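Novice: So here's query35.txt, just compact mmCIF, C-alpha atoms:
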# COMPACT_ATOMS: atom_id res chain seq x y z
CA MET A 1 -8.99 -80.50 49.13
CA THR A 2 -7.08 -83.32 47.45
CA LYS A 3 -5.14 -83.23 44.24
CA GLN A 4 -5.72 -86.13 41.89
CA SER A 5 -2.62 -85.53 39.83
CA ILE A 6 0.81 -84.04 40.26
CA SER A 7 0.95 -80.30 39.70
CA THR A 8 3.83 -78.53 38.06
CA ASP A 9 5.80 -75.46 39.08
CA CYS A 10 5.20 -73.78 35.72
CA ASP A 11 3.07 -70.66 35.48
CA ASP A 12 -0.29 -71.92 34.24
CA GLU A 13 -1.08 -68.92 32.05
CA VAL A 14 2.29 -69.07 30.30
CA THR A 15 2.08 -72.84 29.90
CA ARG A 16 -1.38 -72.65 28.35
CA TRP A 17 -0.30 -69.84 26.03
CA VAL A 18 2.73 -71.78 24.82
CA ALA A 19 0.73 -74.97 24.46
CA ARG A 20 -1.88 -73.26 22.32
CA THR A 21 0.51 -71.24 20.22
CA ARG A 22 -0.34 -71.76 16.59
CA GLY A 23 0.85 -70.09 13.45
CA PRO A 24 3.84 -67.79 12.99
CA GLY A 25 3.21 -65.52 15.98
CA PHE A 26 6.01 -66.77 18.25
CA ALA A 27 8.66 -66.47 15.52
CA MET A 28 7.36 -63.12 14.24
CA ILE A 29 7.56 -61.30 17.56
CA TRP A 30 11.37 -61.54 17.48
CA LEU A 31 11.77 -59.79 14.13
CA PRO A 32 11.42 -56.18 15.40
CA VAL A 33 13.39 -57.03 18.54
CA LEU A 34 16.39 -58.39 16.67
CA MET A 35 16.33 -56.25 13.50
CA LEU A 36 15.60 -52.82 14.94
CA SER A 37 19.16 -52.14 16.07
CA PRO A 38 20.96 -53.23 12.83
CA ILE A 39 18.51 -51.27 10.66
CA LEU A 40 18.74 -48.09 12.75
CA THR A 41 22.54 -48.35 12.84
CA ALA A 42 22.68 -48.67 9.03
CA VAL A 43 20.36 -45.67 8.65
CA LEU A 44 22.32 -43.47 11.05
CA ASP A 45 25.64 -44.45 9.48
CA GLY A 46 24.28 -43.80 5.99
CA LYS A 47 25.19 -47.29 4.74
CA ALA A 48 22.67 -47.79 1.96
CA VAL A 49 23.95 -51.22 0.87
CA THR A 50 23.94 -52.57 4.41
CA LEU A 51 20.46 -51.15 4.96
CA ALA A 52 19.21 -52.82 1.78
CA ILE A 53 20.65 -56.18 2.87
CA HIS A 54 19.08 -55.86 6.33
CA LEU A 55 15.69 -55.06 4.82
CA ALA A 56 16.05 -58.01 2.47
CA ILE A 57 16.92 -60.25 5.45
CA ALA A 58 13.82 -59.04 7.30
CA ALA A 59 11.58 -59.60 4.27
CA LEU A 60 12.96 -63.08 3.57
CA TYR A 61 12.63 -63.96 7.26
CA VAL A 62 8.92 -63.09 7.11
CA VAL A 63 8.51 -65.19 3.95
CA THR A 64 10.35 -68.12 5.54
CA ILE A 65 8.17 -68.11 8.66
CA LEU A 66 4.93 -67.74 6.69
CA VAL A 67 5.86 -70.51 4.27
CA ALA A 68 6.65 -72.83 7.17
CA HIS A 69 3.12 -72.33 8.57
CA ARG A 70 1.16 -72.54 5.32
CA GLY A 71 1.32 -76.29 4.85
CA LEU A 72 3.57 -76.02 1.80
CA PRO A 73 6.13 -78.74 1.00
CA GLN A 74 8.97 -78.82 3.52
CA ARG A 75 11.62 -78.12 0.89
CA VAL A 76 10.08 -74.71 0.11
CA GLY A 77 10.65 -73.51 3.67
CA GLU A 78 14.12 -75.05 3.70
CA LEU A 79 15.06 -73.22 0.49
CA CYS A 80 13.90 -69.95 2.06
CA ALA A 81 16.01 -70.68 5.15
CA ILE A 82 19.05 -71.39 2.97
CA GLY A 83 18.49 -68.12 1.13
CA LEU A 84 18.29 -66.33 4.45
CA MET A 85 21.62 -67.87 5.51
CA ALA A 86 23.17 -66.68 2.25
CA LEU A 87 21.97 -63.13 2.88
CA VAL A 88 23.45 -63.15 6.39
CA VAL A 89 26.80 -64.33 4.97
CA ILE A 90 26.67 -61.56 2.34
CA GLN A 91 25.93 -59.01 5.03
CA PHE A 92 28.89 -60.25 7.05
CA ILE A 93 31.17 -59.87 4.01
CA VAL A 94 29.86 -56.42 3.08
CA SER A 95 29.73 -54.98 6.59
CA PRO A 96 31.10 -57.09 9.46
CA GLY A 97 29.20 -56.50 12.68
CA GLY A 98 25.66 -56.88 13.88
CA GLN A 99 25.92 -60.68 13.88
CA GLY A 100 24.80 -60.80 17.50
CA PHE A 101 21.31 -59.89 16.25
CA LEU A 102 21.23 -61.66 12.91
CA TYR A 103 22.39 -65.13 13.97
CA PRO A 104 19.65 -65.59 16.61
CA LEU A 105 17.14 -64.52 13.97
CA LEU A 106 18.64 -67.05 11.58
CA ALA A 107 18.48 -69.76 14.26
CA ILE A 108 14.77 -69.07 14.83
CA ALA A 109 14.10 -69.33 11.10
CA ALA A 110 16.04 -72.60 10.86
CA ALA A 111 14.21 -74.11 13.85
CA THR A 112 10.89 -73.10 12.30
CA ALA A 113 11.33 -74.02 8.64
CA ILE A 114 13.77 -76.95 8.52
CA ARG A 115 12.56 -80.48 9.20
CA LEU A 116 12.74 -81.45 12.85
CA ARG A 117 15.37 -84.16 12.60
CA ALA A 118 17.88 -81.67 11.19
CA ALA A 119 16.73 -78.36 12.68
CA LEU A 120 18.43 -78.63 16.06
CA GLY A 121 21.73 -79.71 14.51
CA ILE A 122 21.68 -76.72 12.17
CA VAL A 123 20.93 -74.40 15.10
CA MET A 124 23.97 -75.76 16.95
CA GLY A 125 26.09 -75.41 13.83
CA LEU A 126 25.02 -71.79 13.45
CA ALA A 127 25.88 -71.12 17.09
CA VAL A 128 29.35 -72.64 16.81
CA SER A 129 30.24 -71.06 13.47
CA GLY A 130 28.83 -67.70 14.49
CA SER A 131 30.72 -67.76 17.79
CA PHE A 132 34.01 -68.36 15.99
CA ALA A 133 33.26 -65.58 13.49
CA GLU A 134 32.30 -63.18 16.26
CA GLY A 135 35.33 -64.16 18.32
CA PHE A 136 37.79 -63.57 15.49
CA ALA A 137 36.07 -60.32 14.49
CA THR A 138 36.13 -58.85 17.99
CA MET A 139 39.02 -60.86 19.49
CA SER A 140 36.85 -61.25 22.60
CA LEU A 141 36.04 -64.58 24.20
CA SER A 142 33.13 -63.15 26.21
CA SER A 143 31.55 -61.72 23.07
CA ALA A 144 31.88 -65.08 21.33
CA LEU A 145 30.30 -66.95 24.24
CA GLN A 146 27.45 -64.48 24.55
CA PHE A 147 26.87 -64.74 20.82
CA GLY A 148 26.73 -68.53 20.95
CA PHE A 149 24.43 -68.54 23.98
CA ALA A 150 21.96 -66.14 22.38
CA THR A 151 21.89 -68.17 19.16
CA VAL A 152 21.40 -71.49 20.93
CA MET A 153 18.66 -70.16 23.19
CA ALA A 154 16.77 -68.53 20.32
CA GLY A 155 16.89 -71.60 18.11
CA ALA A 156 16.43 -74.22 20.82
CA SER A 157 13.41 -72.49 22.40
CA THR A 158 11.73 -72.22 18.99
CA TYR A 159 12.55 -75.87 18.28
CA LEU A 160 11.07 -77.00 21.61
CA ILE A 161 7.88 -74.99 21.13
CA ARG A 162 7.52 -76.47 17.66
CA CYS A 163 7.87 -79.98 19.12
CA LEU A 164 5.44 -79.13 21.93
CA THR A 165 2.71 -77.85 19.63
CA GLY A 166 3.06 -80.93 17.43
CA THR A 167 2.80 -83.22 20.43
CA ILE A 168 -0.29 -81.39 21.69
CA ASP A 169 -1.93 -81.76 18.28
CA ASP A 170 -1.33 -85.51 18.49
CA LEU A 171 -2.69 -85.65 22.05
CA ARG A 172 -5.82 -83.77 21.10
CA ALA A 173 -6.43 -86.10 18.17
CA THR A 174 -5.90 -89.07 20.49
CA ARG A 175 -8.28 -87.56 23.04
CA ARG A 176 -11.00 -87.24 20.40
CA ARG A 177 -10.45 -90.84 19.28
CA LEU A 178 -10.58 -92.09 22.88
CA ALA A 179 -13.83 -90.25 23.51
CA GLY A 180 -15.34 -91.76 20.38
CA LEU A 181 -14.11 -95.23 21.28
CA ALA A 182 -15.59 -94.91 24.77
CA VAL A 183 -19.01 -94.15 23.26
CA VAL A 184 -18.73 -97.06 20.81
CA GLU A 185 -17.63 -99.43 23.58
CA GLU A 186 -20.57 -98.44 25.77
CA ARG A 187 -22.99 -98.96 22.91
CA GLN A 188 -21.51 -102.36 22.16
CA ARG A 189 -21.77 -103.36 25.81
CA PHE A 190 -25.41 -102.37 26.00
CA SER A 191 -26.10 -104.13 22.69
CA ARG A 192 -24.55 -107.33 24.03
CA ASP A 193 -26.62 -107.08 27.21
CA LEU A 194 -29.82 -106.64 25.24
CA HIS A 195 -28.90 -109.51 22.93
CA ASP A 196 -28.23 -111.83 25.85
CA LEU A 197 -31.46 -110.72 27.50
CA LEU A 198 -33.81 -110.91 24.52
CA GLY A 199 -32.19 -113.43 22.20
CA HIS A 200 -33.61 -116.53 23.85
CA THR A 201 -36.95 -114.87 24.60
CA LEU A 202 -37.51 -113.80 20.99
CA SER A 203 -36.55 -117.27 19.76
CA VAL A 204 -39.21 -118.80 22.01
CA ILE A 205 -41.79 -116.29 20.77
CA VAL A 206 -40.99 -117.24 17.16
CA VAL A 207 -41.48 -120.95 17.95
CA LYS A 208 -44.78 -120.26 19.72
CA ALA A 209 -45.97 -118.12 16.81
CA GLU A 210 -45.18 -120.92 14.35
CA ALA A 211 -47.15 -123.34 16.57
CA ILE A 212 -50.14 -120.99 16.57
CA ARG A 213 -50.01 -120.85 12.78
CA ARG A 214 -49.98 -124.66 12.59
CA PHE A 215 -52.79 -125.23 15.09
CA ALA A 216 -54.94 -122.22 14.29
CA GLU A 217 -57.38 -124.23 12.15
CA SER A 218 -56.97 -127.79 13.46
CA ASP A 219 -56.82 -127.24 17.23
CA SER A 220 -57.88 -123.80 18.37
CA ALA A 221 -57.46 -124.67 22.05
CA VAL A 222 -53.77 -125.41 21.57
CA ALA A 223 -53.40 -122.25 19.51
CA ILE A 224 -55.02 -120.20 22.27
CA LYS A 225 -52.69 -121.80 24.84
CA HIS A 226 -49.62 -120.85 22.77
CA ALA A 227 -50.99 -117.32 22.32
CA GLN A 228 -51.39 -117.01 26.10
CA GLU A 229 -47.81 -118.21 26.56
CA ILE A 230 -46.59 -115.61 24.06
CA GLU A 231 -48.42 -112.94 26.05
CA ASP A 232 -46.82 -114.15 29.29
CA ILE A 233 -43.38 -114.32 27.68
CA GLY A 234 -43.84 -110.82 26.26
CA ARG A 235 -44.78 -109.40 29.65
CA THR A 236 -41.80 -111.07 31.26
CA ALA A 237 -39.48 -109.80 28.52
CA LEU A 238 -40.85 -106.27 28.89
CA ALA A 239 -40.19 -106.37 32.63
CA ASP A 240 -36.68 -107.68 32.02
CA VAL A 241 -35.96 -104.90 29.52
CA ARG A 242 -37.21 -102.26 31.94
CA GLN A 243 -35.06 -103.72 34.68
CA ALA A 244 -32.03 -103.81 32.39
CA VAL A 245 -32.53 -100.22 31.28
CA ALA A 246 -33.03 -99.11 34.87
CA GLY A 247 -29.80 -100.86 35.83
CA TYR A 248 -28.04 -99.26 32.87
CA ARG A 249 -29.30 -95.84 33.88
CA GLN A 250 -28.61 -96.39 37.58
CA MET A 251 -25.28 -94.71 38.22
CA ARG A 252 -23.35 -93.84 41.33
CA PHE A 253 -21.63 -90.49 41.65
CA ALA A 254 -18.49 -91.94 43.23
CA ASP A 255 -18.09 -94.50 40.42
CA GLU A 256 -18.62 -91.94 37.66
CA LEU A 257 -16.25 -89.48 39.32
CA SER A 258 -13.54 -92.12 39.63
CA HIS A 259 -14.00 -93.15 35.99
CA ALA A 260 -13.99 -89.52 34.83
CA ILE A 261 -10.77 -88.75 36.73
CA GLU A 262 -9.03 -91.78 35.27
CA THR A 263 -10.17 -90.97 31.72
CA LEU A 264 -9.29 -87.27 31.93
CA GLU A 265 -5.85 -87.91 33.42
CA ASP A 266 -5.15 -90.48 30.69
CA ALA A 267 -5.93 -87.68 28.21
CA GLY A 268 -3.48 -85.32 29.95
CA VAL A 269 -6.01 -83.25 31.92
CA GLU A 270 -5.11 -82.46 35.54
CA VAL A 271 -8.11 -83.05 37.82
CA GLU A 272 -8.72 -81.58 41.26
CA THR A 273 -11.62 -82.69 43.49
CA THR A 274 -13.01 -82.24 46.98
CA PRO A 275 -13.76 -85.07 49.42
CA LEU A 276 -17.05 -86.77 48.55
CA PRO A 277 -19.96 -86.20 50.96
CA ARG A 278 -22.87 -88.61 51.33
CA LEU A 279 -25.78 -87.78 49.03
CA ASP A 280 -29.31 -89.08 48.74
CA GLY A 281 -30.16 -91.34 45.81
CA PRO A 282 -31.71 -88.86 43.31
CA THR A 283 -29.04 -86.20 43.89
CA ASP A 284 -26.27 -88.79 43.69
CA MET A 285 -27.57 -89.98 40.31
CA LEU A 286 -27.98 -86.40 39.05
CA PHE A 287 -24.39 -85.57 39.91
CA ALA A 288 -23.25 -88.83 38.32
CA TRP A 289 -24.92 -87.86 35.03
CA ALA A 290 -23.44 -84.37 35.28
CA VAL A 291 -19.90 -85.71 35.79
CA ARG A 292 -20.25 -88.09 32.85
CA GLU A 293 -21.53 -85.33 30.56
CA ALA A 294 -18.89 -82.83 31.70
CA ALA A 295 -16.05 -85.32 31.24
CA THR A 296 -17.29 -86.15 27.75
CA ASN A 297 -17.44 -82.47 26.79
CA ILE A 298 -13.96 -81.80 28.18
CA LEU A 299 -12.52 -84.72 26.23
CA ARG A 300 -14.24 -83.96 22.95
CA HIS A 301 -14.57 -80.18 22.83
CA ALA A 302 -12.85 -78.20 25.57
CA HIS A 303 -9.15 -78.92 24.84
CA ALA A 304 -8.53 -78.22 28.52
CA SER A 305 -5.42 -78.91 30.55
CA ARG A 306 -6.99 -78.59 34.02
CA CYS A 307 -10.38 -79.44 35.53
CA THR A 308 -11.82 -78.85 38.99
CA MET A 309 -14.82 -80.72 40.47
CA ARG A 310 -16.17 -79.43 43.80
CA VAL A 311 -19.12 -80.71 45.82
CA THR A 312 -20.67 -78.74 48.68
CA VAL A 313 -23.55 -79.92 50.88
CA ASP A 314 -25.56 -78.15 53.55
CA GLU A 315 -28.66 -79.15 55.46
CA ALA A 316 -31.08 -78.75 52.56
CA ALA A 317 -29.14 -78.55 49.30
CA ALA A 318 -26.12 -79.87 47.44
CA ALA A 319 -24.09 -78.21 44.70
CA LEU A 320 -21.66 -79.61 42.15
CA GLU A 321 -19.34 -77.25 40.27
CA ILE A 322 -17.25 -78.53 37.38
CA SER A 323 -14.90 -76.02 35.74
CA ASP A 324 -12.15 -76.32 33.16
CA ASP A 325 -9.62 -74.01 31.52
CA GLY A 326 -10.54 -74.97 27.98
CA LEU A 327 -11.93 -73.02 25.06
CA GLY A 328 -15.46 -72.60 26.39
CA MET A 329 -18.59 -73.07 24.31
CA GLY A 330 -17.93 -70.20 21.93
CA THR A 331 -20.84 -69.96 19.49
CA ASN A 332 -21.72 -73.65 19.78
CA PRO A 333 -25.31 -74.38 20.86
CA VAL A 334 -26.03 -76.21 24.10
CA GLY A 335 -25.86 -79.95 23.44
CA SER A 336 -28.49 -82.55 24.28
CA GLY A 337 -26.33 -83.85 27.14
CA LEU A 338 -26.46 -80.56 29.05
CA ILE A 339 -30.16 -80.24 28.27
CA GLY A 340 -30.70 -83.69 29.79
CA VAL A 341 -28.78 -82.72 32.93
CA ARG A 342 -30.86 -79.54 33.25
CA GLU A 343 -34.11 -81.50 32.87
CA ARG A 344 -33.08 -84.02 35.54
CA ALA A 345 -32.13 -81.20 37.92
CA GLU A 346 -35.45 -79.42 37.38
CA ARG A 347 -37.38 -82.63 38.05
CA LEU A 348 -35.70 -82.73 41.47
CA GLY A 349 -36.48 -79.08 42.12
CA GLY A 350 -32.94 -77.93 41.37
CA HIS A 351 -31.37 -75.86 38.63
CA VAL A 352 -28.31 -75.73 36.37
CA HIS A 353 -26.11 -72.73 35.65
CA THR A 354 -23.40 -72.55 32.98
CA ARG A 355 -20.69 -69.95 32.43
CA SER A 356 -18.53 -69.91 29.33
CA GLY A 357 -15.64 -67.68 28.38
CA PRO A 358 -12.26 -67.64 26.66
CA ARG A 359 -10.65 -69.06 29.81
CA GLY A 360 -12.91 -72.05 30.21
CA PHE A 361 -16.35 -73.42 30.98
CA THR A 362 -18.11 -73.88 34.32
CA LEU A 363 -21.12 -76.10 34.98
CA THR A 364 -22.91 -75.68 38.34
CA ILE A 365 -25.77 -77.93 39.48
CA HIS A 366 -27.86 -77.15 42.57
CA ALA A 367 -30.25 -79.79 43.89
CA PRO A 368 -32.18 -80.48 47.10
CA SER A 369 -30.41 -83.08 49.18
CA ALA A 370 -30.91 -85.01 52.39
CA GLY A 371 -27.21 -85.79 52.55
CA ASP A 372 -25.02 -85.19 55.56
CA PRO A 373 -22.95 -82.02 55.17
CA GLU A 374 -19.21 -82.41 55.48
Please rewrite the model in this file as structure tokens.
Specialist:
Amino acid sequence: MTKQSISTDCDDEVTRWVARTRGPGFAMIWLPVLMLSPILTAVLDGKAVTLAIHLAIAALYVVTILVAHRGLPQRVGELCAIGLMALVVIQFIVSPGGQGFLYPLLAIAAATAIRLRAALGIVMGLAVSGSFAEGFATMSLSSALQFGFATVMAGASTYLIRCLTGTIDDLRATRRRLAGLAVVEERQRFSRDLHDLLGHTLSVIVVKAEAIRRFAESDSAVAIKHAQEIEDIGRTALADVRQAVAGYRQMRFADELSHAIETLEDAGVEVETTPLPRLDGPTDMLFAWAVREAATNILRHAHASRCTMRVTVDEAAAALEISDDGLGMGTNPVGSGLIGVRERAERLGGHVHTRSGPRGFTLTIHAPSAGDPE
């Protein structure tokens, strides 16, 4: 088995989860982790004012994160983040301590709500200022360094995930545009071929028809001759069109697979294939159509990051399995492309099986084959 692209050392499940993270979920999961200890400490110590400030910080944090993911103007989220900073400062004045939990929370809010070009700088500023405050409060260098590290890691990881999700949105939009452009380009190519094929022929037919109209009454023999020529030209043109369409529809599996790999990798999809066996003509064309249809669906609908294409051949049959880790079909109906692949397979005596789920889509085509098994 050969890899067609470079694999990474990252855990695939984690990478896909991070890449598809949308909404406030990532920032929200840290609220109970970071606020549970300060709130419980305030309750056990009976510090009502400190407890009220902590609850206000938690509430404003939720508002800040939600505002940042609701498509509101950027300044609204930034004002919420500034208000959250003010509450943390007030808490520090009223009851010094607990900053090791509050500053990372504040860094996450800043990385989420403040515009990207300033967010990372503010996170670093919070880490430095908080480290000095913690160091002077505890007179401990290790506490200050741990404080700064926790703040930087909380804010920087949130900042990077925010950048990653934005980049993936752009890539998905680009992928959809590329798929559309590929369809338009193919249509234009076929239109040019038909124009070059039929343009001259139709012009000749028009001239012959005008001659028939001129000689229809004065010289019927000439008119009949031109009519016969139009018939001959029409038959020739029909044969040429059939030949052109047959050439357009004649595809080779190896060519389509190579084109699909190149297109998918350009769109950021990692492709893995098996060595190509020799296939007979009908099966080779069937698999070529299947690869083209599968690649189109992956580009336009699946939002996948990885695709596998495997071909197996034995003495009497061949099978092609194309699977991806995308979103699956969901509730979408089967498209005309897959219906066409199924009809072609059935005409050869084969069959098509599809499997869709939250972890991807798999298309399997079985067809009789006289190919040599690998």
Novice: In Å to one decimal, how far is CA of Leu178 (chain A) from CA of Thr364 (chain A)?
Specialist: 25.7 Å
Novice: May I ask for the distance between CA of Leu181 (chain A) and CA of Ala288 (chain A), given in Å to one decimal place?
Specialist: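 Here the two named atoms are 20.4 Å from each other.
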Novice: Expressed in Å to a single decimal, how great is the separation between CA of Thr283 (chain A) and CA of Ala345 (chain A)?
Specialist: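 Pair CA of Thr283 (chain A) / CA of Ala345 (chain A) returns 8.4 Å.
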Novice: Counting all atoms listed in the file, write as a PyMOL selection string all protein and nucleic acid residues lying at most 9 Å from (-32.0, -84.1, 37.7) in the file's frame.
Specialist: chain A and resi 282-283+285-287+289-290+340-351+365+367
Novice: Which residues of region 65-143 of chain A have any atom within 7 Å of an atom in region 52-58 of chain A when counting all atoms listed in the file, and what is the closest pair of atoms for each, with the distance in Å to one decimal? Order the rows by chain and rising number and write it as JSON lines.
Specialist:
{"residue": "A:Leu84", "atom": "CA", "partner": "A:Ile57", "partner_atom": "CA", "distance": 6.3}
{"residue": "A:Leu87", "atom": "CA", "partner": "A:Ile57", "partner_atom": "CA", "distance": 6.4}
{"residue": "A:Gln91", "atom": "CA", "partner": "A:Ile53", "partner_atom": "CA", "distance": 6.4}
Novice: Write out as an NGL selection string which residues come within 9 Å of region 305-309 of chain A when counting all atoms listed in the file, dropping same-chain ones fewer than 6 positions away.
Specialist: :A and (16 or 257 or 264 or 268-274 or 291 or 298 or 320-326)
Novice: From the options A:Pro104, A:Gly135, A:Gly125, A:Gly71, which residue's atoms come nearest to Gly155 (chain A), counting all atoms listed in the file?
Specialist: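 For Gly155 (chain A), the nearest of the candidates is A:Pro104.
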Novice: At a cut-off of 6 Å, using all atoms listed in the file, what residues contact His226 (chain A)? Leave out same-chain residues fewer than 3 positions from it and give the result as a ChimeraX atom specification.
Specialist: /A:208,223,229
Novice: My list of candidates is A:Ala216, A:Val89, A:Ala179, A:Ala237. Which is closest to Asn297 (chain A) when distances are computed with all atoms listed in the file?
Specialist: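 Looking only at the distances to Asn297 (chain A), the closest residue turns out to be A:Ala179.
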Novice: Rank A:Gln188, A:Val88, A:Ala109, A:Pro32 by their smallest atom-to-atom distance to Val63 (chain A), using only C-alpha atoms, and report the top residue only.
Specialist: A:Ala109
Novice: Measuring between only C-alpha atoms, which one of A:Ser131, A:Asp170, A:Pro277, A:Arg292 shows the shortest distance to Arg310 (chain A)?
Specialist: A:Pro277
